[in-house]
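Peer 1: upload-v6.cif is reproduced in full below (mmCIF, C-alpha atoms; chains and numbers go by the auth columns).
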```
data_run
#
loop_
_atom_site.group_PDB
_atom_site.id
_atom_site.type_symbol
_atom_site.label_atom_id
_atom_site.label_comp_id
_atom_site.label_asym_id
_atom_site.label_seq_id
_atom_site.Cartn_x
_atom_site.Cartn_y
_atom_site.Cartn_z
_atom_site.B_iso_or_equiv
_atom_site.auth_seq_id
_atom_site.auth_asym_id
ATOM 1 C CA MET A 1 15.151 -1.123 -10.279 0.00 545 Z
ATOM 2 C CA PRO A 2 13.869 -4.110 -12.244 0.00 546 Z
ATOM 3 C CA ASN A 3 10.180 -4.052 -13.155 0.00 547 Z
ATOM 4 C CA ASP A 4 9.406 -7.173 -11.104 0.00 548 Z
ATOM 5 C CA GLN A 5 10.796 -5.504 -7.981 0.00 549 Z
ATOM 6 C CA MET A 6 8.738 -2.386 -8.620 0.00 550 Z
ATOM 7 C CA GLU A 7 5.620 -4.547 -9.010 0.00 551 Z
ATOM 8 C CA ARG A 8 6.340 -6.280 -5.665 0.00 552 Z
ATOM 9 C CA ASN A 9 6.728 -2.870 -4.044 0.00 553 Z
ATOM 10 C CA ARG A 10 3.399 -1.784 -5.535 0.00 554 Z
ATOM 11 C CA ARG A 11 1.682 -4.884 -4.163 0.00 555 Z
ATOM 12 C CA ILE A 12 2.988 -4.046 -0.708 0.00 556 Z
ATOM 13 C CA LEU A 13 1.663 -0.516 -1.037 0.00 557 Z
ATOM 14 C CA ARG A 14 -1.728 -1.841 -2.184 0.00 558 Z
ATOM 15 C CA THR A 15 -1.884 -4.131 0.846 0.00 559 Z
ATOM 16 C CA LEU A 16 -1.004 -1.225 3.134 0.00 560 Z
ATOM 17 C CA LEU A 17 -3.688 0.920 1.538 0.00 561 Z
ATOM 18 C CA LYS A 18 -6.225 -1.888 2.005 0.00 562 Z
ATOM 19 C CA ILE A 19 -5.281 -2.073 5.688 0.00 563 Z
ATOM 20 C CA TYR A 20 -5.480 1.725 5.926 0.00 564 Z
ATOM 21 C CA ASP A 21 -8.972 1.721 4.379 0.00 565 Z
ATOM 22 C CA ARG A 22 -10.195 -0.886 6.863 0.00 566 Z
ATOM 23 C CA TYR A 23 -9.053 1.261 9.755 0.00 567 Z
ATOM 24 C CA VAL A 24 -10.643 4.406 8.327 0.00 568 Z
ATOM 25 C CA ASP A 25 -13.921 2.491 8.045 0.00 569 Z
ATOM 26 C CA LEU A 26 -13.546 1.269 11.621 0.00 570 Z
ATOM 27 C CA GLU A 27 -12.870 4.797 12.861 0.00 571 Z
ATOM 28 C CA PHE A 28 -16.061 5.968 11.126 0.00 572 Z
ATOM 29 C CA ASP A 29 -18.066 3.099 12.625 0.00 573 Z
ATOM 30 C CA LEU A 30 -16.760 3.910 16.104 0.00 574 Z
ATOM 31 C CA GLN A 31 -17.846 7.518 15.666 0.00 575 Z
ATOM 32 C CA LEU A 32 -21.304 6.401 14.515 0.00 576 Z
ATOM 33 C CA ASP A 33 -21.543 4.208 17.619 0.00 577 Z
ATOM 34 C CA GLY A 34 -20.645 7.174 19.820 0.00 578 Z
ATOM 35 C CA ASP A 35 -17.313 5.661 20.907 0.00 579 Z
ATOM 36 C CA PHE A 36 -15.442 8.901 20.347 0.00 580 Z
ATOM 37 C CA ASP A 37 -12.503 8.115 22.641 0.00 581 Z
ATOM 38 C CA SER A 38 -11.677 4.927 20.745 0.00 582 Z
ATOM 39 C CA ALA A 39 -12.235 6.659 17.408 0.00 583 Z
ATOM 40 C CA TYR A 40 -9.854 9.447 18.432 0.00 584 Z
ATOM 41 C CA GLU A 41 -7.151 7.004 19.569 0.00 585 Z
ATOM 42 C CA LEU A 42 -7.538 4.997 16.384 0.00 586 Z
ATOM 43 C CA GLY A 43 -7.460 8.176 14.293 0.00 587 Z
ATOM 44 C CA ARG A 44 -4.109 9.177 15.781 0.00 588 Z
ATOM 45 C CA LYS A 45 -2.642 5.809 14.879 0.00 589 Z
ATOM 46 C CA ILE A 46 -4.161 5.911 11.392 0.00 590 Z
ATOM 47 C CA LYS A 47 -2.334 9.196 10.796 0.00 591 Z
ATOM 48 C CA LYS A 48 0.958 7.518 11.701 0.00 592 Z
ATOM 49 C CA LEU A 49 0.288 4.751 9.197 0.00 593 Z
ATOM 50 C CA GLU A 50 -0.672 7.301 6.552 0.00 594 Z
ATOM 51 C CA LYS A 51 2.636 9.149 7.037 0.00 595 Z
ATOM 52 C CA LYS A 52 4.577 5.902 6.736 0.00 596 Z
ATOM 53 C CA ILE A 53 2.696 4.923 3.571 0.00 597 Z
ATOM 54 C CA ARG A 54 3.404 8.309 1.996 0.00 598 Z
ATOM 55 C CA LYS A 55 7.071 8.085 2.897 0.00 599 Z
ATOM 56 C CA LEU A 56 7.337 4.524 1.628 0.00 600 Z
ATOM 57 C CA ARG A 57 5.608 5.499 -1.601 0.00 601 Z
ATOM 58 C CA GLY A 58 8.021 8.389 -1.981 0.00 602 Z
ATOM 59 C CA GLN A 59 10.918 5.972 -1.610 0.00 603 Z
ATOM 60 C CA MET A 60 9.614 3.319 -3.995 0.00 604 Z
ATOM 61 C CA LEU A 61 12.578 3.829 -6.279 0.00 605 Z
ATOM 62 C CA ASP A 62 15.002 3.554 -3.395 0.00 606 Z
ATOM 63 C CA ASP A 63 16.331 0.240 -2.247 0.00 607 Z
ATOM 64 C CA TRP A 64 13.899 -1.129 0.307 0.00 608 Z
ATOM 65 C CA SER A 65 13.701 -4.315 -1.705 0.00 609 Z
ATOM 66 C CA ALA A 66 15.620 -6.328 0.901 0.00 610 Z
ATOM 67 C CA GLU A 67 12.595 -6.096 3.215 0.00 611 Z
ATOM 68 C CA VAL A 68 10.041 -7.032 0.573 0.00 612 Z
ATOM 69 C CA PRO A 69 9.733 -10.846 0.758 0.00 613 Z
ATOM 70 C CA GLN A 70 9.168 -11.051 4.520 0.00 614 Z
ATOM 71 C CA MET A 71 7.209 -7.822 4.546 0.00 615 Z
ATOM 72 C CA ARG A 72 4.676 -9.157 2.021 0.00 616 Z
ATOM 73 C CA GLU A 73 4.174 -12.306 4.065 0.00 617 Z
ATOM 74 C CA ASP A 74 3.836 -10.382 7.335 0.00 618 Z
ATOM 75 C CA LEU A 75 1.441 -7.841 5.844 0.00 619 Z
ATOM 76 C CA GLN A 76 -0.817 -10.502 4.363 0.00 620 Z
ATOM 77 C CA LYS A 77 -1.117 -12.235 7.736 0.00 621 Z
ATOM 78 C CA MET A 78 -1.725 -8.903 9.473 0.00 622 Z
ATOM 79 C CA SER A 79 -4.330 -7.964 6.884 0.00 623 Z
ATOM 80 C CA ASN A 80 -6.243 -11.195 7.546 0.00 624 Z
ATOM 81 C CA ASP A 81 -6.001 -10.739 11.330 0.00 625 Z
ATOM 82 C CA ILE A 82 -7.159 -7.138 11.019 0.00 626 Z
ATOM 83 C CA ALA A 83 -10.164 -8.153 8.914 0.00 627 Z
ATOM 84 C CA ASP A 84 -11.167 -10.740 11.515 0.00 628 Z
ATOM 85 C CA ALA A 85 -10.738 -8.321 14.424 0.00 629 Z
ATOM 86 C CA ILE A 86 -12.722 -5.578 12.711 0.00 630 Z
ATOM 87 C CA GLU A 87 -15.493 -7.980 11.727 0.00 631 Z
ATOM 88 C CA ASP A 88 -15.824 -9.071 15.367 0.00 632 Z
ATOM 89 C CA ILE A 89 -15.963 -5.435 16.508 0.00 633 Z
ATOM 90 C CA GLN A 90 -18.751 -4.732 14.050 0.00 634 Z
ATOM 91 C CA ASP A 91 -20.635 -7.769 15.342 0.00 635 Z
ATOM 92 C CA ASP A 92 -20.126 -6.523 18.940 0.00 636 Z
ATOM 93 C CA ILE A 93 -18.377 -9.762 19.909 0.00 637 Z
ATOM 94 C CA ASN A 94 -15.898 -9.037 22.684 0.00 638 Z
ATOM 95 C CA ARG A 95 -15.796 -5.449 21.422 0.00 639 Z
ATOM 96 C CA THR A 96 -13.223 -4.057 23.844 0.00 640 Z
ATOM 97 C CA ARG A 97 -10.846 -6.968 23.416 0.00 641 Z
ATOM 98 C CA GLN A 98 -11.142 -6.928 19.629 0.00 642 Z
ATOM 99 C CA LEU A 99 -10.714 -3.151 19.464 0.00 643 Z
ATOM 100 C CA THR A 100 -7.549 -3.446 21.531 0.00 644 Z
ATOM 101 C CA ALA A 101 -6.321 -6.198 19.204 0.00 645 Z
ATOM 102 C CA ALA A 102 -7.139 -4.116 16.121 0.00 646 Z
ATOM 103 C CA ILE A 103 -5.222 -1.136 17.493 0.00 647 Z
ATOM 104 C CA THR A 104 -2.281 -3.402 18.341 0.00 648 Z
ATOM 105 C CA TYR A 105 -2.287 -4.733 14.770 0.00 649 Z
ATOM 106 C CA LEU A 106 -2.197 -1.157 13.499 0.00 650 Z
ATOM 107 C CA ASP A 107 0.828 -0.440 15.689 0.00 651 Z
ATOM 108 C CA ASP A 108 2.463 -3.598 14.315 0.00 652 Z
ATOM 109 C CA VAL A 109 1.860 -2.497 10.719 0.00 653 Z
ATOM 110 C CA VAL A 110 3.362 0.944 11.407 0.00 654 Z
ATOM 111 C CA HIS A 111 6.380 -0.720 13.026 0.00 655 Z
ATOM 112 C CA LEU A 112 6.842 -3.116 10.103 0.00 656 Z
ATOM 113 C CA VAL A 113 6.701 -0.290 7.552 0.00 657 Z
ATOM 114 C CA SER A 114 9.114 1.784 9.637 0.00 658 Z
ATOM 115 C CA ARG A 115 11.731 -0.966 9.312 0.00 659 Z
ATOM 116 C CA ALA A 116 11.641 -0.658 5.535 0.00 660 Z
ATOM 117 C CA LEU A 117 12.094 3.123 5.551 0.00 661 Z
ATOM 118 C CA VAL A 118 15.498 4.699 5.371 0.00 662 Z
#
```
The structure given in the file should be rewritten as structure tokens.
Peer 2:
Amino acid sequence: MPNDQMERNRRILRTLLKIYDRYVDLEFDLQLDGDFDSAYELGRKIKKLEKKIRKLRGQMLDDWSAEVPQMREDLQKMSNDIADAIEDIQDDINRTRQLTAAITYLDDVVHLVSRALV
């Protein structure tokens, strides 16, 4: 695989790891706030994303390059939306609605990564 393709794949993985880290932080914050049900639900979904990231990383040398251009664009938008949703949760603005949105974004990320996996 050409080096430029490998670098694009790495950037996608870095974006996914950034998204993953945001959700781990959110899960921790939910636990600190005593919202254990939401933290548990989020934790289950985080594990799904983690599995997909590991699998994708394991397949970096395989040909998932066809998905890369759109995937990078989609992930960047999702990453921005996730950051906004999590920031609103931390500020207690429409907490339930924003938490639901954040969990939906996580499902969307897992779905997007699943499309790239063989």
Peer 1: Identify which of the residues Z:Glu594, Z:Glu585, Z:Asp579, Z:Glu617 lies closest to Arg552 (chain Z), counting only C-alpha atoms when measuring atom-to-atom distances.
Peer 2: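 Smallest distance to Arg552 (chain Z) is found for Z:Glu617.
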Peer 1: Please enumerate the residues selected by the PyMOL selection byres ((chain Z and resi 631-642) around 12) when evaluated against the supplied file, formatted as a ChimeraX atom specification.
Peer 2: /Z:566-567,569-574,576-577,579,582,624-630,643-649
Peer 1: Just C-alpha atoms for this one: save the residues we selected as a PDB file, keeping the file's coordinate frame.
Peer 2:
```pdb
ATOM      1  CA  ARG Z 566     -10.195  -0.886   6.863  1.00  0.00           C
ATOM      2  CA  TYR Z 567      -9.053   1.261   9.755  1.00  0.00           C
ATOM      3  CA  ASP Z 569     -13.921   2.491   8.045  1.00  0.00           C
ATOM      4  CA  LEU Z 570     -13.546   1.269  11.621  1.00  0.00           C
ATOM      5  CA  GLU Z 571     -12.870   4.797  12.861  1.00  0.00           C
ATOM      6  CA  PHE Z 572     -16.061   5.968  11.126  1.00  0.00           C
ATOM      7  CA  ASP Z 573     -18.066   3.099  12.625  1.00  0.00           C
ATOM      8  CA  LEU Z 574     -16.760   3.910  16.104  1.00  0.00           C
ATOM      9  CA  LEU Z 576     -21.304   6.401  14.515  1.00  0.00           C
ATOM     10  CA  ASP Z 577     -21.543   4.208  17.619  1.00  0.00           C
ATOM     11  CA  ASP Z 579     -17.313   5.661  20.907  1.00  0.00           C
ATOM     12  CA  SER Z 582     -11.677   4.927  20.745  1.00  0.00           C
ATOM     13  CA  ASN Z 624      -6.243 -11.195   7.546  1.00  0.00           C
ATOM     14  CA  ASP Z 625      -6.001 -10.739  11.330  1.00  0.00           C
ATOM     15  CA  ILE Z 626      -7.159  -7.138  11.019  1.00  0.00           C
ATOM     16  CA  ALA Z 627     -10.164  -8.153   8.914  1.00  0.00           C
ATOM     17  CA  ASP Z 628     -11.167 -10.740  11.515  1.00  0.00           C
ATOM     18  CA  ALA Z 629     -10.738  -8.321  14.424  1.00  0.00           C
ATOM     19  CA  ILE Z 630     -12.722  -5.578  12.711  1.00  0.00           C
ATOM     20  CA  LEU Z 643     -10.714  -3.151  19.464  1.00  0.00           C
ATOM     21  CA  THR Z 644      -7.549  -3.446  21.531  1.00  0.00           C
ATOM     22  CA  ALA Z 645      -6.321  -6.198  19.204  1.00  0.00           C
ATOM     23  CA  ALA Z 646      -7.139  -4.116  16.121  1.00  0.00           C
ATOM     24  CA  ILE Z 647      -5.222  -1.136  17.493  1.00  0.00           C
ATOM     25  CA  THR Z 648      -2.281  -3.402  18.341  1.00  0.00           C
ATOM     26  CA  TYR Z 649      -2.287  -4.733  14.770  1.00  0.00           C
TER      27      TYR Z 649
END
```
Peer 1: Give the padded box for region 620-639 of chain Z as JSON: axis-aligned, covering all atoms listed in the file, 5 Å on each side, centre and edge lengths in Å to one decimal.
Peer 2:
```
{"center_x": -10.7, "center_y": -8.5, "center_z": 13.5, "size_x": 29.8, "size_y": 17.5, "size_z": 28.3}
```
Peer 1: Given all atoms listed in the file as the basis, pick out the residue of Z:Ile563, Z:Leu600, Z:Val568, Z:Met622 nearest to Leu586 (chain Z).
Peer 2: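 Between Z:Ile563, Z:Leu600, Z:Val568, Z:Met622, the residue approaching Leu586 (chain Z) most closely is Z:Val568.
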Peer 1: One number please: CA of Gln614 (chain Z) to CA of Gly587 (chain Z), in Å, one decimal.
Peer 2: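 Separation between CA of Gln614 (chain Z) and CA of Gly587 (chain Z): 27.2 Å.
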Peer 1: What's the separation between CA of Asp618 (chain Z) and CA of Met550 (chain Z), in Å to one decimal place?
Peer 2: 18.5 Å
Peer 1: Residues at most 8 Å from Thr559 (chain Z), counting all atoms listed in the file, excluding those fewer than 2 positions away in the same chain, as a list in words?
Peer 2: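 Final neighbour list, sorted by chain and number: Arg555, Ile556, Leu557, Leu561, Lys562, Ile563, Leu619, Gln620 and Ser623 of chain Z.
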Peer 1: Please measure the separation of CA of Arg616 (chain Z) and CA of Asp651 (chain Z), giving the value in Å to one decimal.
Peer 2: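 CA of Asp651 (chain Z) lies 16.7 Å from CA of Arg616 (chain Z).
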Peer 1: I would like the residues chosen by the PyMOL selection byres ((chain Z and resi 592) around 12) on the shown file; could you give them as a PyMOL selection string?
Peer 2: chain Z and resi 564+567+585-591+593-599+650-655+657-658
Peer 1: Would you mind writing region 547-564 of chain Z with N, CA and C atoms, as a PDB file, keeping the file's coordinate frame?
Peer 2:
```
ATOM      1  N   ASN Z 547      11.641  -4.186 -13.172  1.00  0.00           N
ATOM      2  CA  ASN Z 547      10.180  -4.052 -13.155  1.00  0.00           C
ATOM      3  C   ASN Z 547       9.510  -4.995 -12.170  1.00  0.00           C
ATOM      4  N   ASP Z 548      10.035  -6.228 -12.032  1.00  0.00           N
ATOM      5  CA  ASP Z 548       9.406  -7.173 -11.104  1.00  0.00           C
ATOM      6  C   ASP Z 548       9.525  -6.693  -9.664  1.00  0.00           C
ATOM      7  N   GLN Z 549      10.634  -6.056  -9.329  1.00  0.00           N
ATOM      8  CA  GLN Z 549      10.796  -5.504  -7.981  1.00  0.00           C
ATOM      9  C   GLN Z 549       9.818  -4.356  -7.751  1.00  0.00           C
ATOM     10  N   MET Z 550       9.667  -3.510  -8.745  1.00  0.00           N
ATOM     11  CA  MET Z 550       8.738  -2.386  -8.620  1.00  0.00           C
ATOM     12  C   MET Z 550       7.312  -2.913  -8.440  1.00  0.00           C
ATOM     13  N   GLU Z 551       6.964  -3.974  -9.151  1.00  0.00           N
ATOM     14  CA  GLU Z 551       5.620  -4.547  -9.010  1.00  0.00           C
ATOM     15  C   GLU Z 551       5.422  -5.129  -7.609  1.00  0.00           C
ATOM     16  N   ARG Z 552       6.439  -5.761  -7.039  1.00  0.00           N
ATOM     17  CA  ARG Z 552       6.340  -6.280  -5.665  1.00  0.00           C
ATOM     18  C   ARG Z 552       6.148  -5.126  -4.684  1.00  0.00           C
ATOM     19  N   ASN Z 553       6.879  -4.043  -4.904  1.00  0.00           N
ATOM     20  CA  ASN Z 553       6.728  -2.870  -4.044  1.00  0.00           C
ATOM     21  C   ASN Z 553       5.307  -2.306  -4.143  1.00  0.00           C
ATOM     22  N   ARG Z 554       4.777  -2.279  -5.353  1.00  0.00           N
ATOM     23  CA  ARG Z 554       3.399  -1.784  -5.535  1.00  0.00           C
ATOM     24  C   ARG Z 554       2.394  -2.674  -4.819  1.00  0.00           C
ATOM     25  N   ARG Z 555       2.607  -3.970  -4.859  1.00  0.00           N
ATOM     26  CA  ARG Z 555       1.682  -4.884  -4.163  1.00  0.00           C
ATOM     27  C   ARG Z 555       1.709  -4.638  -2.663  1.00  0.00           C
ATOM     28  N   ILE Z 556       2.888  -4.370  -2.135  1.00  0.00           N
ATOM     29  CA  ILE Z 556       2.988  -4.046  -0.708  1.00  0.00           C
ATOM     30  C   ILE Z 556       2.214  -2.764  -0.413  1.00  0.00           C
ATOM     31  N   LEU Z 557       2.389  -1.766  -1.249  1.00  0.00           N
ATOM     32  CA  LEU Z 557       1.663  -0.516  -1.037  1.00  0.00           C
ATOM     33  C   LEU Z 557       0.156  -0.725  -1.135  1.00  0.00           C
ATOM     34  N   ARG Z 558      -0.291  -1.555  -2.067  1.00  0.00           N
ATOM     35  CA  ARG Z 558      -1.728  -1.841  -2.184  1.00  0.00           C
ATOM     36  C   ARG Z 558      -2.256  -2.524  -0.922  1.00  0.00           C
ATOM     37  N   THR Z 559      -1.477  -3.453  -0.392  1.00  0.00           N
ATOM     38  CA  THR Z 559      -1.884  -4.131   0.846  1.00  0.00           C
ATOM     39  C   THR Z 559      -1.964  -3.135   1.994  1.00  0.00           C
ATOM     40  N   LEU Z 560      -0.980  -2.251   2.089  1.00  0.00           N
ATOM     41  CA  LEU Z 560      -1.004  -1.225   3.134  1.00  0.00           C
ATOM     42  C   LEU Z 560      -2.209  -0.308   2.984  1.00  0.00           C
ATOM     43  N   LEU Z 561      -2.531   0.057   1.763  1.00  0.00           N
ATOM     44  CA  LEU Z 561      -3.688   0.920   1.538  1.00  0.00           C
ATOM     45  C   LEU Z 561      -4.993   0.199   1.877  1.00  0.00           C
ATOM     46  N   LYS Z 562      -5.050  -1.089   1.632  1.00  0.00           N
ATOM     47  CA  LYS Z 562      -6.225  -1.888   2.005  1.00  0.00           C
ATOM     48  C   LYS Z 562      -6.382  -1.903   3.531  1.00  0.00           C
ATOM     49  N   ILE Z 563      -5.265  -2.105   4.226  1.00  0.00           N
ATOM     50  CA  ILE Z 563      -5.281  -2.073   5.688  1.00  0.00           C
ATOM     51  C   ILE Z 563      -5.712  -0.692   6.171  1.00  0.00           C
ATOM     52  N   TYR Z 564      -5.138   0.344   5.577  1.00  0.00           N
ATOM     53  CA  TYR Z 564      -5.480   1.725   5.926  1.00  0.00           C
ATOM     54  C   TYR Z 564      -6.985   1.959   5.764  1.00  0.00           C
TER      55      TYR Z 564
END
```
